[in-house]
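A.B. asks: What follows is coords-v3.cif, made up of mmCIF, C-alpha atoms and all ligand atoms:
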```cif
data_protein
loop_
_atom_site.label_atom_id
_atom_site.label_comp_id
_atom_site.auth_asym_id
_atom_site.auth_seq_id
_atom_site.Cartn_x
_atom_site.Cartn_y
_atom_site.Cartn_z
CA MET A 1 -65.60 -52.37 -25.11
CA GLU A 2 -65.08 -48.67 -25.89
CA THR A 3 -63.36 -47.60 -29.11
CA ILE A 4 -61.38 -44.39 -29.44
CA SER A 5 -59.70 -43.38 -32.65
CA ASN A 6 -56.57 -41.25 -32.46
CA ARG A 7 -54.73 -40.29 -35.65
CA GLY A 8 -55.96 -43.46 -37.32
CA ILE A 9 -54.86 -45.57 -34.35
CA GLN A 10 -57.64 -47.66 -32.81
CA VAL A 11 -57.74 -47.76 -29.02
CA LYS A 12 -60.01 -50.40 -27.51
CA VAL A 13 -60.74 -50.12 -23.79
CA SER A 14 -62.23 -52.93 -21.73
CA PRO A 15 -62.92 -53.06 -17.98
CA SER A 16 -60.96 -56.30 -17.78
CA ILE A 17 -58.25 -58.24 -19.53
CA GLY A 18 -60.96 -60.82 -20.28
CA GLY A 19 -62.59 -58.33 -22.62
CA LEU A 20 -59.26 -57.83 -24.39
CA ALA A 21 -58.86 -61.60 -24.71
CA ASP A 22 -62.34 -61.76 -26.26
CA PHE A 23 -61.34 -59.16 -28.86
CA LEU A 24 -58.14 -61.03 -29.73
CA ALA A 25 -59.99 -64.35 -29.82
CA ALA A 26 -62.63 -62.97 -32.20
CA TYR A 27 -59.84 -61.90 -34.55
CA LEU A 28 -58.15 -65.33 -34.34
CA VAL A 29 -61.42 -67.23 -34.84
CA LYS A 30 -62.24 -65.21 -37.95
CA SER A 31 -58.73 -65.10 -39.45
CA SER A 32 -57.74 -68.69 -38.74
CA ALA A 33 -60.94 -69.91 -40.41
CA LYS A 34 -59.54 -68.58 -43.70
CA ALA A 35 -56.38 -70.71 -43.43
CA GLY A 36 -56.02 -73.61 -45.83
CA PRO A 37 -53.39 -75.95 -47.29
CA GLY A 38 -50.15 -73.97 -47.24
CA LEU A 39 -51.97 -70.81 -46.14
CA PHE A 40 -51.46 -69.85 -42.50
CA LEU A 41 -52.23 -67.05 -40.12
CA ASN A 42 -48.72 -65.98 -39.09
CA LEU A 43 -48.86 -64.82 -35.50
CA ALA A 44 -46.00 -63.40 -33.41
CA LEU A 45 -46.23 -63.40 -29.62
CA SER A 46 -44.52 -61.15 -27.09
CA GLY A 47 -43.52 -62.16 -23.61
CA GLY A 48 -43.78 -60.56 -20.18
CA ASP A 49 -46.55 -61.13 -17.67
CA THR A 50 -49.50 -59.48 -19.41
CA PRO A 51 -50.19 -62.06 -22.13
CA GLY A 52 -50.50 -64.97 -19.65
CA ALA A 53 -54.15 -64.35 -18.77
CA VAL A 54 -55.00 -63.79 -22.43
CA PHE A 55 -53.28 -67.01 -23.48
CA ARG A 56 -55.19 -68.94 -20.80
CA ALA A 57 -58.49 -67.51 -22.08
CA LEU A 58 -57.60 -68.51 -25.66
CA ALA A 59 -56.77 -72.02 -24.44
CA GLY A 60 -59.90 -72.13 -22.32
CA LYS A 61 -63.23 -70.95 -23.72
CA TYR A 62 -61.84 -70.46 -27.23
CA ARG A 63 -59.85 -73.69 -27.38
CA ASP A 64 -62.16 -75.38 -29.87
CA LYS A 65 -63.26 -72.23 -31.69
CA ILE A 66 -59.91 -71.29 -33.18
CA ASN A 67 -58.44 -73.26 -36.08
CA TRP A 68 -55.03 -73.73 -34.44
CA ALA A 69 -53.82 -75.95 -37.31
CA GLY A 70 -54.13 -72.86 -39.51
CA ILE A 71 -51.94 -70.73 -37.26
CA ARG A 72 -48.15 -70.57 -37.23
CA VAL A 73 -46.75 -69.21 -33.96
CA PHE A 74 -43.55 -67.18 -33.84
CA TRP A 75 -42.06 -64.89 -31.19
CA VAL A 76 -41.42 -61.14 -31.24
CA ASP A 77 -38.59 -61.59 -28.78
CA GLU A 78 -36.99 -64.08 -26.43
CA ARG A 79 -34.63 -63.98 -23.54
CA CYS A 80 -31.30 -65.77 -24.11
CA VAL A 81 -32.10 -68.57 -21.70
CA PRO A 82 -33.02 -72.25 -22.14
CA PRO A 83 -36.66 -73.00 -23.04
CA SER A 84 -37.16 -74.53 -19.58
CA SER A 85 -36.20 -71.27 -17.83
CA GLY A 86 -38.78 -69.28 -15.89
CA GLU A 87 -37.59 -66.24 -17.88
CA SER A 88 -38.36 -67.87 -21.24
CA ASN A 89 -41.20 -66.31 -23.25
CA TYR A 90 -41.60 -69.63 -25.04
CA ASN A 91 -41.91 -71.46 -21.72
CA ALA A 92 -44.64 -69.06 -20.57
CA ALA A 93 -46.56 -69.42 -23.85
CA ARG A 94 -46.18 -73.21 -23.72
CA ALA A 95 -47.50 -73.38 -20.16
CA ASN A 96 -50.41 -70.96 -20.70
CA LEU A 97 -51.39 -71.77 -24.26
CA LEU A 98 -49.48 -74.22 -26.42
CA LYS A 99 -49.74 -77.32 -24.25
CA ARG A 100 -53.48 -76.68 -23.78
CA ILE A 101 -54.47 -76.50 -27.46
CA ASN A 102 -54.26 -78.76 -30.51
CA ILE A 103 -51.58 -76.97 -32.45
CA PRO A 104 -49.26 -79.10 -34.58
CA GLY A 105 -45.66 -78.94 -33.31
CA GLU A 106 -44.48 -78.02 -36.78
CA ASN A 107 -46.53 -74.79 -36.52
CA VAL A 108 -44.51 -73.50 -33.56
CA PHE A 109 -41.25 -71.69 -34.26
CA ARG A 110 -39.55 -70.69 -31.03
CA ILE A 111 -36.50 -68.48 -30.82
CA LYS A 112 -33.83 -70.78 -29.39
CA GLY A 113 -32.70 -68.80 -26.39
CA GLU A 114 -30.16 -71.46 -25.50
CA ARG A 115 -28.14 -70.83 -28.70
CA PRO A 116 -25.44 -68.15 -29.14
CA PRO A 117 -27.44 -64.88 -29.43
CA LEU A 118 -25.93 -63.44 -32.59
CA SER A 119 -26.15 -66.75 -34.42
CA GLU A 120 -29.76 -67.25 -33.25
CA ALA A 121 -30.78 -63.74 -34.33
CA ALA A 122 -29.39 -64.55 -37.79
CA ARG A 123 -31.05 -67.98 -37.87
CA TYR A 124 -34.44 -66.63 -36.83
CA SER A 125 -34.19 -63.72 -39.28
CA ALA A 126 -33.60 -66.23 -42.08
CA LEU A 127 -36.47 -68.42 -40.83
CA ALA A 128 -38.91 -65.48 -40.77
CA ASP A 129 -37.68 -64.29 -44.14
CA GLY A 130 -38.21 -67.73 -45.62
CA LEU A 131 -41.61 -68.52 -44.11
CA LEU A 132 -43.45 -65.20 -44.10
CA PRO A 133 -45.24 -63.78 -47.13
CA ARG A 134 -44.02 -60.46 -48.46
CA GLY A 135 -45.59 -57.13 -47.51
CA SER A 136 -44.64 -53.65 -48.70
CA GLY A 137 -42.14 -53.41 -45.83
CA GLY A 138 -40.72 -56.93 -46.29
CA PRO A 139 -41.65 -60.20 -44.51
CA ARG A 140 -45.09 -59.70 -43.07
CA PHE A 141 -46.80 -61.12 -40.00
CA ASP A 142 -50.58 -61.19 -40.11
CA LEU A 143 -50.75 -60.30 -36.44
CA LEU A 144 -48.04 -59.23 -34.04
CA LEU A 145 -48.81 -58.92 -30.33
CA LEU A 146 -46.74 -56.35 -28.43
CA GLY A 147 -46.45 -55.37 -24.80
CA LEU A 148 -45.40 -52.04 -23.36
CA GLY A 149 -42.78 -51.58 -20.69
CA GLU A 150 -43.10 -48.77 -18.13
CA ASP A 151 -40.00 -47.23 -19.72
CA GLY A 152 -41.70 -47.23 -23.13
CA HIS A 153 -39.89 -50.27 -24.47
CA THR A 154 -41.57 -52.81 -26.66
CA ALA A 155 -40.38 -56.17 -27.91
CA SER A 156 -36.88 -56.08 -26.42
CA ILE A 157 -35.98 -52.67 -27.76
CA PHE A 158 -35.29 -50.34 -24.86
CA PRO A 159 -34.89 -46.56 -24.82
CA GLY A 160 -31.12 -47.03 -24.39
CA ASN A 161 -30.82 -49.09 -27.58
CA ILE A 162 -33.60 -47.53 -29.64
CA GLY A 163 -31.25 -47.58 -32.62
CA LEU A 164 -32.03 -51.29 -32.97
CA PHE A 165 -35.54 -50.32 -34.04
CA GLY A 166 -34.13 -48.95 -37.30
CA SER A 167 -31.93 -51.98 -38.04
CA LYS A 168 -32.04 -53.41 -41.55
CA ARG A 169 -32.08 -56.89 -40.02
CA LEU A 170 -35.28 -58.62 -39.00
CA PHE A 171 -33.97 -59.75 -35.60
CA GLU A 172 -31.16 -58.30 -33.49
CA VAL A 173 -29.55 -59.00 -30.14
CA SER A 174 -30.36 -56.54 -27.35
CA ARG A 175 -29.69 -56.42 -23.64
CA HIS A 176 -32.07 -55.64 -20.78
CA PRO A 177 -30.82 -52.37 -19.18
CA GLU A 178 -31.23 -53.56 -15.59
CA THR A 179 -30.64 -57.30 -15.64
CA GLY A 180 -28.12 -57.25 -18.48
CA ARG A 181 -29.88 -60.33 -19.89
CA LYS A 182 -29.29 -60.67 -23.63
CA ARG A 183 -32.36 -61.02 -25.77
CA VAL A 184 -33.19 -61.72 -29.40
CA THR A 185 -35.72 -59.18 -30.64
CA ALA A 186 -37.67 -58.29 -33.75
CA THR A 187 -36.73 -54.91 -35.17
CA GLY A 188 -38.91 -52.08 -36.43
CA ARG A 189 -38.49 -53.34 -39.98
CA LEU A 190 -40.38 -56.53 -39.11
CA ILE A 191 -42.78 -54.97 -36.60
CA ASN A 192 -43.87 -52.19 -38.96
CA SER A 193 -44.40 -54.50 -41.92
CA ALA A 194 -47.09 -56.47 -40.03
CA ALA A 195 -50.68 -56.41 -41.29
CA GLN A 196 -52.02 -55.95 -37.77
CA VAL A 197 -50.24 -54.92 -34.57
CA PHE A 198 -52.04 -55.21 -31.24
CA PHE A 199 -50.52 -53.59 -28.16
CA LEU A 200 -51.84 -55.45 -25.12
CA VAL A 201 -51.45 -53.19 -22.08
CA THR A 202 -53.04 -53.49 -18.66
CA GLY A 203 -52.65 -51.86 -15.26
CA GLU A 204 -52.40 -48.35 -13.90
CA ARG A 205 -48.60 -48.40 -13.87
CA LYS A 206 -48.66 -48.29 -17.69
CA ALA A 207 -51.30 -45.50 -17.93
CA ASP A 208 -48.91 -42.53 -18.16
CA ARG A 209 -46.73 -44.20 -20.77
CA ALA A 210 -49.65 -45.38 -22.86
CA ALA A 211 -51.20 -41.89 -22.89
CA GLN A 212 -47.85 -40.28 -23.66
CA ILE A 213 -47.44 -42.47 -26.74
CA ILE A 214 -51.04 -42.56 -27.97
CA GLU A 215 -51.55 -38.81 -27.53
CA ARG A 216 -47.97 -37.90 -28.50
CA ARG A 217 -47.27 -36.01 -25.31
CA PRO A 218 -43.81 -34.46 -24.67
CA GLY A 219 -41.01 -36.98 -24.89
CA TRP A 220 -43.01 -39.50 -26.91
CA ARG A 221 -40.53 -39.59 -29.81
CA ALA A 222 -37.78 -41.03 -27.61
CA LEU A 223 -39.77 -44.18 -26.86
CA PRO A 224 -39.33 -47.39 -28.85
CA ALA A 225 -43.05 -48.25 -28.55
CA ALA A 226 -43.86 -44.91 -30.19
CA ARG A 227 -41.99 -46.02 -33.31
CA VAL A 228 -44.52 -48.78 -33.93
CA ARG A 229 -46.43 -47.48 -36.93
CA PRO A 230 -47.25 -50.23 -39.42
CA VAL A 231 -46.26 -49.14 -42.94
CA SER A 232 -49.45 -50.43 -44.54
CA GLY A 233 -51.01 -52.38 -41.68
CA SER A 234 -53.12 -51.26 -38.75
CA LEU A 235 -52.30 -50.56 -35.13
CA THR A 236 -54.72 -51.23 -32.29
CA TRP A 237 -54.09 -50.58 -28.61
CA LEU A 238 -55.95 -53.02 -26.36
CA LEU A 239 -56.09 -51.40 -22.91
CA ASP A 240 -57.93 -52.23 -19.75
CA THR A 241 -59.62 -49.33 -17.96
CA ALA A 242 -56.67 -48.87 -15.61
CA ALA A 243 -54.13 -48.57 -18.43
CA ALA A 244 -56.46 -46.15 -20.28
CA LYS A 245 -56.95 -43.96 -17.23
CA LYS A 246 -54.74 -41.06 -18.38
CA LEU A 247 -56.12 -40.80 -21.92
CA LYS A 248 -57.53 -37.31 -22.33
CA LYS A 249 -59.76 -37.93 -25.32
CA PRO A 250 -63.51 -37.77 -24.62
CA ARG A 251 -65.09 -41.16 -24.21
CA PRO A 252 -66.85 -42.04 -27.50
CA ARG A 253 -70.05 -44.01 -27.87
CA ARG A 254 -69.82 -47.57 -26.63
CA SER A 255 -69.07 -49.90 -29.60
CA ARG A 256 -70.56 -53.41 -29.86
C1 LIG B 1 -40.57 -59.35 -22.90
C2 LIG B 1 -41.61 -58.64 -23.72
C3 LIG B 1 -41.66 -57.19 -23.33
C4 LIG B 1 -42.97 -57.06 -22.57
C5 LIG B 1 -43.05 -55.75 -21.84
C6 LIG B 1 -44.30 -55.72 -20.96
O1 LIG B 1 -39.92 -60.28 -23.42
O2 LIG B 1 -40.48 -59.02 -21.72
O3 LIG B 1 -41.66 -58.88 -25.00
O4 LIG B 1 -41.64 -56.29 -24.38
O5 LIG B 1 -44.03 -57.16 -23.51
O6 LIG B 1 -41.90 -55.65 -21.01
O7 LIG B 1 -44.15 -56.74 -20.01
P1 LIG B 1 -45.30 -57.02 -18.89
O8 LIG B 1 -46.44 -57.58 -19.62
O9 LIG B 1 -44.63 -58.02 -17.97
O10 LIG B 1 -45.57 -55.70 -18.23
#
```
Represent the structure contained in this file as structure tokens.
C.D. replies:
Amino acid sequence: METISNRGIQVKVSPSIGGLADFLAAYLVKSSAKAGPGLFLNLALSGGDTPGAVFRALAGKYRDKINWAGIRVFWVDERCVPPSSGESNYNAARANLLKRINIPGENVFRIKGERPPLSEAARYSALADGLLPRGSGGPRFDLLLLGLGEDGHTASIFPGNIGLFGSKRLFEVSRHPETGRKRVTATGRLINSAAQVFFLVTGERKADRAAQIIERRPGWRALPAARVRPVSGSLTWLLDTAAAKKLKKPRPRRSR
């Protein structure tokens, strides 16, 4: 795993998504071990295709190494579909992770995509506000996993509705620009109050966008993913070699 530092942002590059899963697992093993009665690692998952392989690795070789009873699982965003839908982020996480590990049902807090979107965004905002400890920016996740869209979106905040990032609410309703599908999404207020944010990005088709954001190349400010800058937490990009291909920075020494 190579480590590059760019304006205080850590960029970890691994030849494969397996290496990225190992990095995430090491964090979860260490952090979940500290959990105790009433003290949880509050983790928020994103959807899309990328996390699937990582979730399967966590449920595979790390299944018995992570203290799942000490982890509470939330979602960064969800499509407004039933939990059984193939579009559902919850359904994907359940299939690839949750049903394969010993996590108590009461530790899993899905966004109810089958409910009316505005009402669910309000319900989930209140849930997060009530369950999460306070950070300097408000309710605070310990770790929030984000993906990156080719258009520079993250969570379900797209370039066309980037204003949602600055909402005072914790969750808002957005709409996918192509499919029109409504989604419930975390806003920048919640994302940037997290203690740790990991972007998990793989594949050559993301390389230009990742480099544009990480190295602040022209046009970077217009991208929702570029607004992710934890107020007092840390930001780490977990890239495979293909997604890191366009990074200009010299390759540093290889870190352990
Ligand atoms: C979603 C995600 C979204 C995703 C990116 C990357 O609900 O779709 O939260 O932000 O992380 O679109 O998706 P891929 O991993 O499929 O490229």
A.B. asks: For Asn102 of chain A, find every residue with an atom within 8 Å (counting all atoms listed in the file), except residues of its own chain fewer than 3 positions away, and show them as a list of chain:residue names.
C.D. replies: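 Neighbouring residues, sequence-local ones excluded: A:Trp68, A:Ala69, A:Leu98, A:Lys99.
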A.B. asks: Keeping C-alpha atoms, export the residues of the selection given above as a PDB file, in the coordinates of the input.
C.D. replies:
```pdb
ATOM      1  CA  TRP A  68     -55.030 -73.730 -34.440  1.00  0.00           C
ATOM      2  CA  ALA A  69     -53.820 -75.950 -37.310  1.00  0.00           C
ATOM      3  CA  LEU A  98     -49.480 -74.220 -26.420  1.00  0.00           C
ATOM      4  CA  LYS A  99     -49.740 -77.320 -24.250  1.00  0.00           C
TER       5      LYS A  99
END
```
A.B. asks: Quick one: distance from atom CA of Ala207 of chain A to atom CA of Thr241 of chain A in Å, one decimal?
C.D. replies: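 Taking atom CA of Ala207 of chain A and atom CA of Thr241 of chain A, their separation equals 9.2 Å.
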A.B. asks: Can you tell me which residues surround Lys245 of chain A at a distance of at most 10 Å, considering all atoms listed in the file, apart from same-chain residues fewer than 2 positions away, and format the answer as a VMD selection string?
C.D. replies: chain A and resid 13 203 to 204 206 to 208 210 to 211 239 to 243 247 to 248
A.B. asks: Please, which residues in chain A fall within 9 Å of ligand LIG 1 (chain B) when counting all atoms listed in the file, and what is the closest atom pair and distance in Å to one decimal for each, ordered by chain then residue number, as a Markdown table?
C.D. replies:
```
| residue | atom | partner | partner_atom | distance |
| --- | --- | --- | --- | --- |
| A:Leu45 | CA | B:LIG1 | O3 | 7.9 |
| A:Ser46 | CA | B:LIG1 | O3 | 4.2 |
| A:Gly47 | CA | B:LIG1 | C2 | 4.0 |
| A:Gly48 | CA | B:LIG1 | O9 | 3.5 |
| A:Asp49 | CA | B:LIG1 | O9 | 3.7 |
| A:Thr50 | CA | B:LIG1 | O8 | 3.6 |
| A:Pro51 | CA | B:LIG1 | O8 | 6.4 |
| A:Gly52 | CA | B:LIG1 | O8 | 8.4 |
| A:Trp75 | CA | B:LIG1 | O3 | 8.6 |
| A:Val76 | CA | B:LIG1 | O3 | 6.6 |
| A:Asp77 | CA | B:LIG1 | O3 | 5.6 |
| A:Glu78 | CA | B:LIG1 | O1 | 5.7 |
| A:Arg79 | CA | B:LIG1 | O1 | 6.5 |
| A:Glu87 | CA | B:LIG1 | O1 | 8.5 |
| A:Ser88 | CA | B:LIG1 | O1 | 8.0 |
| A:Asn89 | CA | B:LIG1 | O1 | 6.2 |
| A:Leu145 | CA | B:LIG1 | O5 | 8.5 |
| A:Leu146 | CA | B:LIG1 | O5 | 5.7 |
| A:Gly147 | CA | B:LIG1 | O5 | 3.3 |
| A:Leu148 | CA | B:LIG1 | C6 | 4.5 |
| A:Gly149 | CA | B:LIG1 | O6 | 4.2 |
| A:Glu150 | CA | B:LIG1 | O10 | 7.4 |
| A:Asp151 | CA | B:LIG1 | O6 | 8.7 |
| A:Gly152 | CA | B:LIG1 | O6 | 8.7 |
| A:His153 | CA | B:LIG1 | O4 | 6.3 |
| A:Thr154 | CA | B:LIG1 | O4 | 4.2 |
| A:Ala155 | CA | B:LIG1 | O4 | 3.8 |
| A:Ser156 | CA | B:LIG1 | O4 | 5.2 |
| A:Ile157 | CA | B:LIG1 | O4 | 7.5 |
| A:Phe158 | CA | B:LIG1 | O4 | 8.7 |
| A:Arg183 | CA | B:LIG1 | O1 | 8.0 |
| A:Thr185 | CA | B:LIG1 | O3 | 8.2 |
| A:Phe199 | CA | B:LIG1 | O5 | 8.7 |
| A:Leu200 | CA | B:LIG1 | O8 | 8.0 |
| A:Val201 | CA | B:LIG1 | O8 | 7.1 |
| A:Thr202 | CA | B:LIG1 | O10 | 7.8 |
| A:Gly203 | CA | B:LIG1 | O10 | 8.6 |
| A:Lys206 | CA | B:LIG1 | O10 | 8.0 |
```
A.B. asks: For the selection you just gave me, I'd like the residues written to a file as a CSV table (one decimal), in the coordinates of the input, keeping C-alpha atoms.
C.D. replies:
```
chain,number,residue,atom,x,y,z
A,45,LEU,CA,-46.2,-63.4,-29.6
A,46,SER,CA,-44.5,-61.2,-27.1
A,47,GLY,CA,-43.5,-62.2,-23.6
A,48,GLY,CA,-43.8,-60.6,-20.2
A,49,ASP,CA,-46.6,-61.1,-17.7
A,50,THR,CA,-49.5,-59.5,-19.4
A,51,PRO,CA,-50.2,-62.1,-22.1
A,52,GLY,CA,-50.5,-65.0,-19.6
A,75,TRP,CA,-42.1,-64.9,-31.2
A,76,VAL,CA,-41.4,-61.1,-31.2
A,77,ASP,CA,-38.6,-61.6,-28.8
A,78,GLU,CA,-37.0,-64.1,-26.4
A,79,ARG,CA,-34.6,-64.0,-23.5
A,87,GLU,CA,-37.6,-66.2,-17.9
A,88,SER,CA,-38.4,-67.9,-21.2
A,89,ASN,CA,-41.2,-66.3,-23.2
A,145,LEU,CA,-48.8,-58.9,-30.3
A,146,LEU,CA,-46.7,-56.4,-28.4
A,147,GLY,CA,-46.4,-55.4,-24.8
A,148,LEU,CA,-45.4,-52.0,-23.4
A,149,GLY,CA,-42.8,-51.6,-20.7
A,150,GLU,CA,-43.1,-48.8,-18.1
A,151,ASP,CA,-40.0,-47.2,-19.7
A,152,GLY,CA,-41.7,-47.2,-23.1
A,153,HIS,CA,-39.9,-50.3,-24.5
A,154,THR,CA,-41.6,-52.8,-26.7
A,155,ALA,CA,-40.4,-56.2,-27.9
A,156,SER,CA,-36.9,-56.1,-26.4
A,157,ILE,CA,-36.0,-52.7,-27.8
A,158,PHE,CA,-35.3,-50.3,-24.9
A,183,ARG,CA,-32.4,-61.0,-25.8
A,185,THR,CA,-35.7,-59.2,-30.6
A,199,PHE,CA,-50.5,-53.6,-28.2
A,200,LEU,CA,-51.8,-55.4,-25.1
A,201,VAL,CA,-51.4,-53.2,-22.1
A,202,THR,CA,-53.0,-53.5,-18.7
A,203,GLY,CA,-52.6,-51.9,-15.3
A,206,LYS,CA,-48.7,-48.3,-17.7
```
A.B. asks: Choose the residue, out of A:Ala244, A:Leu39, A:Leu190, A:Ala92, that has the smallest atom-to-atom separation from Arg229 of chain A; count all atoms listed in the file.
C.D. replies: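 That would be A:Leu190, the residue with the smallest distance to Arg229 of chain A.
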A.B. asks: Could you tell me which of A:Gly219, A:Gly70, A:Gly188, A:Gly19 comes closest to Gly138 of chain A if we count only C-alpha atoms?
C.D. replies: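 Using only C-alpha atoms, the shortest distance to Gly138 of chain A belongs to A:Gly188.
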A.B. asks: Find the spatial neighbours of segment 26-31 of chain A, counting only C-alpha atoms, within a cut-off of 7 Å - ignore same-chain residues fewer than 5 positions away - and output them as a ChimeraX atom specification.
C.D. replies: /A:41,65-67
A.B. asks: Tell me which of A:Arg110, A:Arg140, A:Arg7, A:Arg72 sits closest to Val197 of chain A, counting all atoms listed in the file.
C.D. replies: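 Between A:Arg110, A:Arg140, A:Arg7, A:Arg72, the residue approaching Val197 of chain A most closely is A:Arg140.
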A.B. asks: Residues at most 12 Å from Gly8 of chain A, counting all atoms listed in the file, excluding those fewer than 5 positions away in the same chain, as a PyMOL selection string?
C.D. replies: chain A and resi 3+214-215+229-230+232-237
A.B. asks: How many Å lie between atom CA of Gly36 of chain A and atom CA of Ile71 of chain A, rounded to one decimal?
C.D. replies: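 These atoms are spaced 9.9 Å apart.
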A.B. asks: Between A:Arg134, A:Arg169, A:Arg221, A:Arg100, which has the minimum distance to Arg56 of chain A (counting all atoms listed in the file)?
C.D. replies: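 Among the listed residues, the smallest separation from Arg56 of chain A belongs to A:Arg100.
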A.B. asks: Return the single residue from A:Glu114, A:Arg227, A:Asn192, A:Trp220 that is closest to Ser85 of chain A, with distances computed using only C-alpha atoms.
C.D. replies: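 Closest to Ser85 of chain A, using only C-alpha atoms: A:Glu114.
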A.B. asks: Residues within 9 Å of segment 125-127 of chain A, please, as a PDB file with C-alpha atoms, in the coordinates of the input. Count all atoms listed in the file; anything in the same chain fewer than 5 positions from it doesn't count.
C.D. replies:
```pdb
ATOM      1  CA  PHE A 109     -41.250 -71.690 -34.260  1.00  0.00           C
ATOM      2  CA  GLU A 120     -29.760 -67.250 -33.250  1.00  0.00           C
ATOM      3  CA  LEU A 132     -43.450 -65.200 -44.100  1.00  0.00           C
ATOM      4  CA  ARG A 169     -32.080 -56.890 -40.020  1.00  0.00           C
ATOM      5  CA  LEU A 170     -35.280 -58.620 -39.000  1.00  0.00           C
ATOM      6  CA  PHE A 171     -33.970 -59.750 -35.600  1.00  0.00           C
ATOM      7  CA  GLU A 172     -31.160 -58.300 -33.490  1.00  0.00           C
ATOM      8  CA  ALA A 186     -37.670 -58.290 -33.750  1.00  0.00           C
TER       9      ALA A 186
END
```
A.B. asks: By how many Å are atom CA of Gly135 of chain A and atom CA of Val231 of chain A apart?
C.D. replies: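 Computing the Euclidean distance for atom CA of Gly135 of chain A and atom CA of Val231 of chain A yields 9.2 Å.
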A.B. asks: Restricting the calculation to all atoms listed in the file, which member of A:Ala128, A:Ala59, A:Leu164, A:Ile213 is positioned closest to Ala93 of chain A?
C.D. replies: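 Looking at the shortest contact to Ala93 of chain A, the residue is A:Ala59.
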